[in-house]
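See below for model-v6.cif, which holds mmCIF, C-alpha atoms.
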```
data_run
loop_
_atom_site.label_atom_id
_atom_site.label_comp_id
_atom_site.auth_asym_id
_atom_site.auth_seq_id
_atom_site.Cartn_x
_atom_site.Cartn_y
_atom_site.Cartn_z
CA MET A 1 -11.96 -3.42 115.48
CA THR A 2 -14.73 -3.97 117.97
CA PRO A 3 -16.83 -1.08 119.32
CA GLU A 4 -14.98 -1.38 122.64
CA GLU A 5 -11.60 -1.02 120.90
CA ASN A 6 -12.88 2.11 119.15
CA ASN A 7 -14.36 3.34 122.44
CA LEU A 8 -17.73 3.79 120.68
CA SER A 9 -20.98 3.03 122.42
CA VAL A 10 -23.71 1.18 120.57
CA ILE A 11 -27.08 2.89 120.21
CA GLY A 12 -30.29 1.81 118.57
CA ALA A 13 -32.41 3.22 115.75
CA THR A 14 -34.38 5.22 118.33
CA GLU A 15 -33.10 6.71 121.58
CA TYR A 16 -34.21 9.02 124.34
CA VAL A 17 -31.90 12.04 124.49
CA THR A 18 -31.45 15.14 126.62
CA ILE A 19 -31.12 18.43 124.77
CA ASP A 20 -30.47 21.74 126.49
CA ASP A 21 -31.50 20.16 129.84
CA ILE A 22 -34.80 18.80 128.46
CA SER A 23 -34.75 15.08 129.27
CA ASP A 24 -36.23 11.96 127.70
CA VAL A 25 -36.91 13.45 124.28
CA PRO A 26 -37.50 10.73 121.64
CA ALA A 27 -34.99 10.86 118.80
CA LYS A 28 -34.67 8.99 115.54
CA ILE A 29 -31.14 7.87 114.75
CA ASP A 30 -30.81 8.27 111.00
CA THR A 31 -27.58 7.14 109.36
CA GLY A 32 -29.03 8.27 106.03
CA ALA A 33 -29.27 11.89 107.17
CA ASP A 34 -26.16 14.02 106.96
CA SER A 35 -27.02 16.46 109.75
CA SER A 36 -29.06 16.46 112.93
CA ALA A 37 -32.28 18.44 113.33
CA VAL A 38 -34.36 19.61 116.26
CA TRP A 39 -37.92 20.92 116.36
CA ALA A 40 -37.76 24.67 116.97
CA SER A 41 -40.35 27.44 116.93
CA LYS A 42 -40.56 31.20 117.31
CA ILE A 43 -37.37 31.56 115.25
CA ASP A 44 -36.52 35.23 114.91
CA MET A 45 -33.60 37.59 114.40
CA LYS A 46 -32.83 40.64 116.51
CA LYS A 47 -31.53 43.79 114.79
CA ASP A 48 -28.07 43.16 116.29
CA GLY A 49 -27.90 39.77 114.51
CA THR A 50 -28.78 37.61 117.52
CA LEU A 51 -30.74 34.50 116.54
CA VAL A 52 -33.64 33.78 118.90
CA PHE A 53 -35.64 30.54 119.07
CA VAL A 54 -37.50 28.16 121.37
CA LEU A 55 -37.04 24.39 121.35
CA PHE A 56 -40.18 22.53 120.36
CA ASP A 57 -43.60 24.17 120.20
CA GLU A 58 -46.46 24.83 122.58
CA LYS A 59 -48.15 21.66 121.26
CA SER A 60 -45.16 19.54 122.34
CA PRO A 61 -44.90 17.94 125.80
CA PHE A 62 -41.21 18.98 125.74
CA TYR A 63 -41.95 22.69 125.28
CA THR A 64 -40.58 24.84 128.12
CA GLY A 65 -40.97 28.28 126.55
CA LYS A 66 -37.30 28.99 127.31
CA GLN A 67 -35.96 31.41 124.73
CA ILE A 68 -32.49 30.63 123.43
CA GLU A 69 -30.37 33.44 122.04
CA THR A 70 -27.11 33.02 120.12
CA LYS A 71 -24.79 34.86 117.81
CA GLU A 72 -23.08 31.57 116.96
CA TYR A 73 -25.08 30.20 114.03
CA ARG A 74 -24.85 29.47 110.34
CA ALA A 75 -27.30 29.06 107.48
CA LYS A 76 -27.83 25.92 105.45
CA LEU A 77 -29.96 24.71 102.55
CA VAL A 78 -31.22 21.23 103.43
CA ARG A 79 -32.54 18.79 100.84
CA SER A 80 -35.13 16.35 102.13
CA ALA A 81 -35.42 12.73 101.03
CA HIS A 82 -38.26 13.91 98.78
CA GLY A 83 -36.00 16.43 97.04
CA ASP A 84 -37.48 19.54 98.67
CA VAL A 85 -34.98 22.24 99.63
CA GLN A 86 -35.45 24.25 102.83
CA PHE A 87 -33.47 27.06 104.39
CA ARG A 88 -32.51 26.41 108.01
CA TYR A 89 -30.33 27.92 110.69
CA ARG A 90 -27.65 25.69 112.26
CA VAL A 91 -26.79 26.07 115.95
CA ILE A 92 -24.68 24.20 118.46
CA LEU A 93 -26.59 22.74 121.40
CA PRO A 94 -25.65 20.50 124.34
CA VAL A 95 -26.95 16.96 124.06
CA VAL A 96 -26.73 13.71 126.02
CA ILE A 97 -27.08 10.48 124.05
CA ASN A 98 -26.73 7.12 125.79
CA GLY A 99 -25.04 8.80 128.76
CA LYS A 100 -22.48 10.65 126.61
CA SER A 101 -22.57 14.47 126.95
CA PHE A 102 -21.27 16.72 124.19
CA GLU A 103 -22.19 19.65 121.98
CA THR A 104 -23.27 19.13 118.40
CA THR A 105 -24.76 21.03 115.49
CA PHE A 106 -28.50 20.94 114.86
CA THR A 107 -30.55 22.56 112.15
CA LEU A 108 -33.68 24.28 113.45
CA ALA A 109 -36.78 22.83 111.78
CA ASN A 110 -40.51 22.53 112.19
CA ARG A 111 -40.75 18.83 113.06
CA SER A 112 -44.36 19.03 114.28
CA ARG A 113 -45.43 16.56 111.58
CA ASN A 114 -42.60 14.12 112.26
CA ASN A 115 -42.88 11.17 114.62
CA PHE A 116 -39.68 12.24 116.38
CA PRO A 117 -38.95 15.82 117.47
CA ILE A 118 -35.20 15.18 117.10
CA LEU A 119 -33.29 13.53 114.29
CA ILE A 120 -29.67 12.51 114.88
CA GLY A 121 -27.63 12.34 111.67
CA ARG A 122 -24.26 10.98 110.57
CA ARG A 123 -22.15 14.00 111.57
CA THR A 124 -23.24 13.63 115.18
CA LEU A 125 -22.83 9.86 115.12
CA ASP A 126 -19.40 9.77 113.46
CA GLY A 127 -16.70 9.01 115.99
CA ASN A 128 -19.21 8.84 118.84
CA PHE A 129 -21.52 5.87 118.27
CA LEU A 130 -22.18 2.70 116.34
CA VAL A 131 -25.80 2.12 115.38
CA ASP A 132 -27.44 -1.27 115.79
CA VAL A 133 -30.79 -0.91 114.01
CA SER A 134 -32.13 -4.01 115.76
CA GLN A 135 -32.07 -2.05 119.03
CA MET A 136 -34.85 0.46 119.63
CA LYS A 137 -35.47 2.29 122.92
CA ILE A 138 -38.76 3.60 121.53
CA LYS A 139 -40.64 0.72 119.98
CA LYS A 140 -43.37 2.60 118.17
CA VAL A 141 -44.59 6.11 117.88
CA SER A 142 -48.22 5.92 116.86
CA ASN A 143 -49.34 7.91 113.86
CA PRO A 144 -53.11 8.43 113.99
CA ASN A 145 -53.21 9.35 110.28
CA THR A 146 -51.77 5.97 109.28
CA SER A 147 -54.27 4.13 111.50
CA LYS A 148 -57.20 6.01 109.91
CA LEU A 149 -55.82 5.35 106.43
CA ASN A 150 -55.52 1.60 107.04
CA THR A 151 -58.99 1.43 108.57
CA GLU A 152 -60.36 3.04 105.41
CA LEU A 153 -58.34 0.61 103.25
CA GLN A 154 -59.76 -2.41 105.08
CA LYS A 155 -63.37 -1.23 104.68
CA ASP A 156 -63.28 -1.04 100.87
CA PRO A 157 -59.93 -1.58 99.13
CA TYR A 158 -61.30 -0.69 95.68
CA ALA A 159 -62.86 2.62 96.80
CA PHE A 160 -59.68 3.38 98.72
CA HIS A 161 -57.57 2.79 95.61
CA GLN A 162 -59.81 4.99 93.49
CA LYS A 163 -59.65 7.78 96.05
CA TYR A 164 -55.89 7.79 96.75
CA VAL A 165 -54.10 6.41 93.68
CA ASN A 166 -54.00 9.75 91.87
CA ILE A 167 -52.77 11.60 94.96
CA ALA A 168 -49.64 9.47 95.16
CA LYS A 169 -48.78 9.56 91.44
CA PRO A 170 -46.01 11.98 90.53
CA LYS A 171 -47.04 14.74 88.12
CA SER A 172 -45.44 14.48 84.69
#
```
Would you kindly transcribe this structure into structure tokens?
Amino acid sequence: MTPEENNLSVIGATEYVTIDDISDVPAKIDTGADSSAVWASKIDMKKDGTLVFVLFDEKSPFYTGKQIETKEYRAKLVRSAHGDVQFRYRVILPVVINGKSFETTFTLANRSRNNFPILIGRRTLDGNFLVDVSQMKIKKVSNPNTSKLNTELQKDPYAFHQKYVNIAKPKS
């Protein structure tokens, strides 16, 4: 069946999305990730069991300071690609992807170190979209750390290797 026959729209490996009325937020479309995640901060719990959080962080251009409160949440242990396990809350938030509006589940995570403040995983994609990895709405998100690293590598590859090779080796 073609995407049209399935009524699925085709999206790229990166997209701009709207989440909770915050528009043009860069998102990574990750078919290898089971669930979706959004950068959240100031995550707290009221005594009555209400979960309180803010989307993004004060350092983010998408930060509005709007406090979101919900009693509709779950807990989840999430295993990263590196094997680390983190506890996260899961909430349902409104999202618009490629013009399609719906609600989906996001885990709340500190994504301040990630290139994309939102990650869209398989559960959100399933039944809604087909992913064409050759399409990318966001061509490149610059990572200043990588640029500095490669500048150092170009200056003296041997010294670079001596400095970093032991950092990257797994401990036995």
Which residue of A:Ala33, A:Ser147, A:Val133, A:Gln162 approaches Arg79 of chain A most closely, using all atoms listed in the file:
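Of A:Ala33, A:Ser147, A:Val133, A:Gln162, the one nearest Arg79 of chain A, counting all atoms listed in the file, is A:Ala33.
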Near-segment 84-87 of chain A list (12 Å; all atoms listed in the file; drop same-chain fewer than 6 positions) as a VMD selection string
chain A and resid 74 to 78 107 to 110
Cut-off 8 Å: closest segment 13-60 of chain A/segment 119-124 of chain A atom pairs per residue, using only C-alpha atoms, as a Markdown table:
```
| residue | atom | partner | partner_atom | distance |
| --- | --- | --- | --- | --- |
| A:Ala27 | CA | A:Leu119 | CA | 5.5 |
| A:Lys28 | CA | A:Leu119 | CA | 4.9 |
| A:Ile29 | CA | A:Ile120 | CA | 4.9 |
| A:Asp30 | CA | A:Gly121 | CA | 5.2 |
| A:Thr31 | CA | A:Arg122 | CA | 5.2 |
| A:Gly32 | CA | A:Gly121 | CA | 7.1 |
| A:Ala33 | CA | A:Gly121 | CA | 4.8 |
| A:Asp34 | CA | A:Arg122 | CA | 5.1 |
| A:Ser35 | CA | A:Gly121 | CA | 4.6 |
| A:Ser36 | CA | A:Ile120 | CA | 4.4 |
| A:Ala37 | CA | A:Leu119 | CA | 5.1 |
| A:Val38 | CA | A:Leu119 | CA | 6.5 |
```
Suppose we keep C-alpha atoms; can you now write the selection as a PDB file, keeping the file's coordinate frame?
```
ATOM      1  CA  ALA A  27     -34.990  10.860 118.800  1.00  0.00           C
ATOM      2  CA  LYS A  28     -34.670   8.990 115.540  1.00  0.00           C
ATOM      3  CA  ILE A  29     -31.140   7.870 114.750  1.00  0.00           C
ATOM      4  CA  ASP A  30     -30.810   8.270 111.000  1.00  0.00           C
ATOM      5  CA  THR A  31     -27.580   7.140 109.360  1.00  0.00           C
ATOM      6  CA  GLY A  32     -29.030   8.270 106.030  1.00  0.00           C
ATOM      7  CA  ALA A  33     -29.270  11.890 107.170  1.00  0.00           C
ATOM      8  CA  ASP A  34     -26.160  14.020 106.960  1.00  0.00           C
ATOM      9  CA  SER A  35     -27.020  16.460 109.750  1.00  0.00           C
ATOM     10  CA  SER A  36     -29.060  16.460 112.930  1.00  0.00           C
ATOM     11  CA  ALA A  37     -32.280  18.440 113.330  1.00  0.00           C
ATOM     12  CA  VAL A  38     -34.360  19.610 116.260  1.00  0.00           C
TER      13      VAL A  38
END
```
From the options A:Lys137, A:Lys148, A:Trp39, A:Tyr158, which residue's atoms come nearest to Asn114 of chain A, counting only C-alpha atoms?
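Result for the nearest residue to Asn114 of chain A: A:Trp39.
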Near Met45 of chain A, counting only C-alpha atoms, which residues have an atom at most 10 Å away, once you skip same-chain residues fewer than 6 positions from it, shown as a list in words?
Leu51, Val52, Phe53, Glu69, Thr70 and Lys71 of chain A
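For segment 91-93 of chain A, the set of protein, DNA and RNA residues having any atom at most 7 Å away, when counting only C-alpha atoms and skipping those fewer than 6 positions along the same chain, is Asp20, Glu72, Tyr73, Arg74, Glu103, Thr104, Thr105, Phe106 and Thr107 of chain A.
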Could you turn the residues from that selection into a file that holds C-alpha atoms, as a PDB file, in the coordinates of the input?
```pdb
ATOM      1  CA  ASP A  20     -30.470  21.740 126.490  1.00  0.00           C
ATOM      2  CA  GLU A  72     -23.080  31.570 116.960  1.00  0.00           C
ATOM      3  CA  TYR A  73     -25.080  30.200 114.030  1.00  0.00           C
ATOM      4  CA  ARG A  74     -24.850  29.470 110.340  1.00  0.00           C
ATOM      5  CA  GLU A 103     -22.190  19.650 121.980  1.00  0.00           C
ATOM      6  CA  THR A 104     -23.270  19.130 118.400  1.00  0.00           C
ATOM      7  CA  THR A 105     -24.760  21.030 115.490  1.00  0.00           C
ATOM      8  CA  PHE A 106     -28.500  20.940 114.860  1.00  0.00           C
ATOM      9  CA  THR A 107     -30.550  22.560 112.150  1.00  0.00           C
TER      10      THR A 107
END
```
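The space between atom CA of Gly49 of chain A and atom CA of Lys66 of chain A spans 19.2 Å.
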Using the chain letters and numbers from the file, give me the residues hit by the PyMOL selection byres ((chain A and resi 60) around 12), as a ChimeraX atom specification.
/A:25-26,39-41,54-59,61-65,110-117
